[in-house]
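First comes the structure, then the notes that go with it.
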Amino acid sequence: MYLLIPAAGSGRRMGSAWQSQGKASRNKLLLTLLGKSLLAWTLLAADASSQICWIGIIGQPSDWDDFRAIVTQLSLTKPVHFIQGGSTRQESVYSGLQALPPQAEHVLIHDGARCLATPDLFDRCAQAVLTCPGLIAAVPIKDTIKVVGDAGLIESTPNRSQLWAAQTPQGFSVPLLKKCHQEGRQNGWEVTDDAALFERCSLPVQIVEGEETNLKVTTPVDLAIAEFILRQRSTLTSNPSAQTQPS
Ligand code: C5P
């Protein structure tokens, strides 16, 4: 399975996190959690997946030196390729698709900012995409969602039982996703995930049960929550009985 990691964003909503790490504002994937960058955590999970054989990191040239240093330090078991991204996530994924080797039939796309996705989630998505044209990891919504108009007034309350929060990995047939991106460019569609392009092209997108901990690290609060989850995981790894002990 081929994996593309969009990592070409800037992370404008992370300002104070950089100050607390004593560094000037950069790509948020270079922020660290327990001594490793967000990108490093994402790469470690992808490398531990039994299904992924090829990793493409989509980034900006200003980050190449740092990205290469991260990859070298991790001594990953899978080949890693560096692909130049664009000014939006959609453009970055488009560039990534052009850089896939011709034999790539299926692809997983996973945001570098979702650094807590587990190898098991990558494996489940990789297996499922062999049986359907498109899929996304997603979890049922817990909050009641409101549609709000320009005047700040609620317009409607969608039925929560039908609402899911989209995550990544998202997996697709490569020729179909390329076609959808092409349609999107021709028609000026602007979307925030790849499934939305599939939907616009009336192609089916399957849901794969995601992970509640698979959050997209966007704000300093997300960073604190991610650190808590990683600490819990390392406690469980060093003491597996911790999970089953009565409180
Ligand atoms: O900004 P946001 O967190 O929604 O971005 C989702 C993912 O898309 C991030 O991993 C980010 O690095 C990536 N991205 C990209 N190219 C852009 C903007 C965002 O690869 N131009």
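Lettering and numbering for the structure tokens are positional, with chains as A, B, ... in the shown order, residues counted from 1 in each chain, and ligands counted from 1 in the shown order.
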Can I get the residues close to ligand 1 as an MDAnalysis selection string, where close means within 10 Å and we count only C-alpha atoms and all ligand atoms?
chainID A and resid 4:13 27:29 38:39 42 57:60 84:96 109:115 168 192:193 216:219
If you keep C-alpha atoms, can you produce a file of those selected residues as a PDB file, in the first residue's frame?
```pdb
ATOM      1  CA  LEU A   4       0.885  10.006   1.013  1.00  0.00           C
ATOM      2  CA  ILE A   5       1.348  12.308   4.011  1.00  0.00           C
ATOM      3  CA  PRO A   6       0.238  15.924   3.400  1.00  0.00           C
ATOM      4  CA  ALA A   7       2.684  17.908   5.555  1.00  0.00           C
ATOM      5  CA  ALA A   8       2.955  21.180   3.623  1.00  0.00           C
ATOM      6  CA  GLY A   9       0.792  23.385   5.849  1.00  0.00           C
ATOM      7  CA  SER A  10       1.964  26.112   8.191  1.00  0.00           C
ATOM      8  CA  GLY A  11      -0.129  25.740  11.348  1.00  0.00           C
ATOM      9  CA  ARG A  12      -1.196  29.333  11.912  1.00  0.00           C
ATOM     10  CA  ARG A  13      -3.347  28.339  14.926  1.00  0.00           C
ATOM     11  CA  ASN A  27       5.343  24.201  10.242  1.00  0.00           C
ATOM     12  CA  LYS A  28       3.406  22.755  13.201  1.00  0.00           C
ATOM     13  CA  LEU A  29       4.583  19.245  12.293  1.00  0.00           C
ATOM     14  CA  LEU A  38       4.585  15.441  15.245  1.00  0.00           C
ATOM     15  CA  LEU A  39       5.849  14.265  11.854  1.00  0.00           C
ATOM     16  CA  THR A  42       3.104   9.968  12.282  1.00  0.00           C
ATOM     17  CA  ILE A  57       5.882  13.117   2.449  1.00  0.00           C
ATOM     18  CA  ILE A  58       4.365  16.195   0.807  1.00  0.00           C
ATOM     19  CA  GLY A  59       6.095  19.307   2.131  1.00  0.00           C
ATOM     20  CA  GLN A  60       7.397  22.799   1.406  1.00  0.00           C
ATOM     21  CA  GLN A  84       6.713  19.406  -3.114  1.00  0.00           C
ATOM     22  CA  GLY A  85       3.261  20.533  -1.922  1.00  0.00           C
ATOM     23  CA  GLY A  86       1.015  23.417  -2.968  1.00  0.00           C
ATOM     24  CA  SER A  87      -0.728  26.358  -1.333  1.00  0.00           C
ATOM     25  CA  THR A  88      -3.754  24.317  -0.168  1.00  0.00           C
ATOM     26  CA  ARG A  89      -4.108  20.764   1.135  1.00  0.00           C
ATOM     27  CA  GLN A  90      -6.032  19.924  -2.054  1.00  0.00           C
ATOM     28  CA  GLU A  91      -3.132  21.114  -4.235  1.00  0.00           C
ATOM     29  CA  SER A  92      -0.648  19.266  -2.045  1.00  0.00           C
ATOM     30  CA  VAL A  93      -2.513  15.966  -2.458  1.00  0.00           C
ATOM     31  CA  TYR A  94      -2.768  16.590  -6.215  1.00  0.00           C
ATOM     32  CA  SER A  95       1.051  16.906  -6.353  1.00  0.00           C
ATOM     33  CA  GLY A  96       1.389  13.754  -4.272  1.00  0.00           C
ATOM     34  CA  ILE A 109      -3.748   9.700   2.365  1.00  0.00           C
ATOM     35  CA  HIS A 110      -3.031  10.614   5.960  1.00  0.00           C
ATOM     36  CA  ASP A 111      -2.604  14.135   7.364  1.00  0.00           C
ATOM     37  CA  GLY A 112       0.772  14.542   9.020  1.00  0.00           C
ATOM     38  CA  ALA A 113      -1.020  16.461  11.787  1.00  0.00           C
ATOM     39  CA  ARG A 114      -2.898  13.300  12.878  1.00  0.00           C
ATOM     40  CA  CYS A 115       0.138  11.992  14.695  1.00  0.00           C
ATOM     41  CA  THR A 168      -7.653  10.281   7.902  1.00  0.00           C
ATOM     42  CA  THR A 192     -10.887  20.103   2.735  1.00  0.00           C
ATOM     43  CA  ASP A 193     -10.609  16.346   2.248  1.00  0.00           C
ATOM     44  CA  LYS A 216      -5.811  16.423  14.230  1.00  0.00           C
ATOM     45  CA  VAL A 217      -3.331  18.512  16.189  1.00  0.00           C
ATOM     46  CA  THR A 218      -4.398  22.052  15.320  1.00  0.00           C
ATOM     47  CA  THR A 219      -4.248  24.219  18.456  1.00  0.00           C
TER      48      THR A 219
END
```
Contacts of Gln162 of chain A at 12 Å (only C-alpha atoms; same-chain gap of 5+ positions) as a PyMOL selection string
chain A and resi 139-142+144-145+157
Find the residues around Cys180 of chain A up to 7 Å (only C-alpha atoms counted), leave out those fewer than 5 positions away in its own chain, and share them as a PyMOL selection string.
chain A and resi 197-198+201
Using only C-alpha atoms, which of A:Gln170, A:Gln186, A:Asn159, A:Thr213 sits nearest Ala128 of chain A?
A:Gln170
Which of these, A:Asn214, A:Gln182, A:Gln103, A:Gln167, has the shortest distance to Ala195 of chain A once you count only C-alpha atoms?
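For Ala195 of chain A, the nearest of the given residues is A:Gln167.
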If you run DSSP over the backbone, which residues in segment 41-245 of chain A end up alpha helix (DSSP H)? Put them as a ChimeraX atom specification.
/A:41-48,64-74,89-98,119-128,174-187,194-200,220-238
Between A:Ala17, A:Ile154, A:Leu34, A:Leu3, smallest distance to Arg233 of chain A by only C-alpha atoms belongs to A:Leu34
Residues within 6 Å of Gln51 of chain A, please, as a ChimeraX atom specification. Count only C-alpha atoms; anything in the same chain fewer than 2 positions from it doesn't count.
/A:1,49,123
Using only C-alpha atoms, can you tell me which of A:Trp164, A:Tyr2, A:Phe82, A:Trp18 comes closest to Ile52 of chain A?
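Using only C-alpha atoms, the shortest distance to Ile52 of chain A belongs to A:Tyr2.
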Atom CA of Ser241 of chain A to atom CA of Trp41 of chain A, straight-line distance in Å
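Interatomic distance here is 24.3 Å.
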Write out as a list of chain:residue names all residues of segment 17-108 of chain A that backbone DSSP assigns to strand (DSSP E).
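Assigned to strand (DSSP E), within segment 17-108 of chain A: A:Thr32, A:Leu33, A:Lys36, A:Ser37, A:Trp54, A:Ile55, A:Gly56, A:Ile57, A:Ile58, A:Gly59, A:Val80, A:His81, A:Phe82, A:Ile83, A:Gln84, A:His106, A:Val107, A:Leu108.
Within the 12 Å cut-off around Ser20 of chain A, using only C-alpha atoms and omitting residues fewer than 3 positions from it on the same chain, the listed residues are Met14, Gly15, Ser16, Ala17, Lys23, Ala24, Ser25, Leu31, Thr32, Pro220, Leu223 and Ala224 of chain A.
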Need to verify the contact set: Thr77 of chain A, 10 Å, only C-alpha atoms, exclusion of same-chain residues closer than 3 positions in sequence. Can you return it as a PyMOL selection string?
chain A and resi 44+47-48+53-54+74+80
Give me the residues within 6 Å of Gly171 of chain A as a ChimeraX atom specification, counting only C-alpha atoms and dropping any in the same chain fewer than 6 places off.
/A:107-108,129,134-135
Measure the distance from atom CA of Ala137 of chain A to atom CA of Glu209 of chain A in Å and round it to one decimal.
5.7 Å
Between atom CA of Arg124 of chain A and atom CA of Ala166 of chain A, distance in Å (one decimal)
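Atom CA of Ala166 of chain A lies 15.8 Å from atom CA of Arg124 of chain A.
With only C-alpha atoms as the atoms that count, the minimum distance from Ala226 of chain A to the choices A:Leu203, A:His81, A:Ala117, A:Pro101 is reached by A:Ala117.
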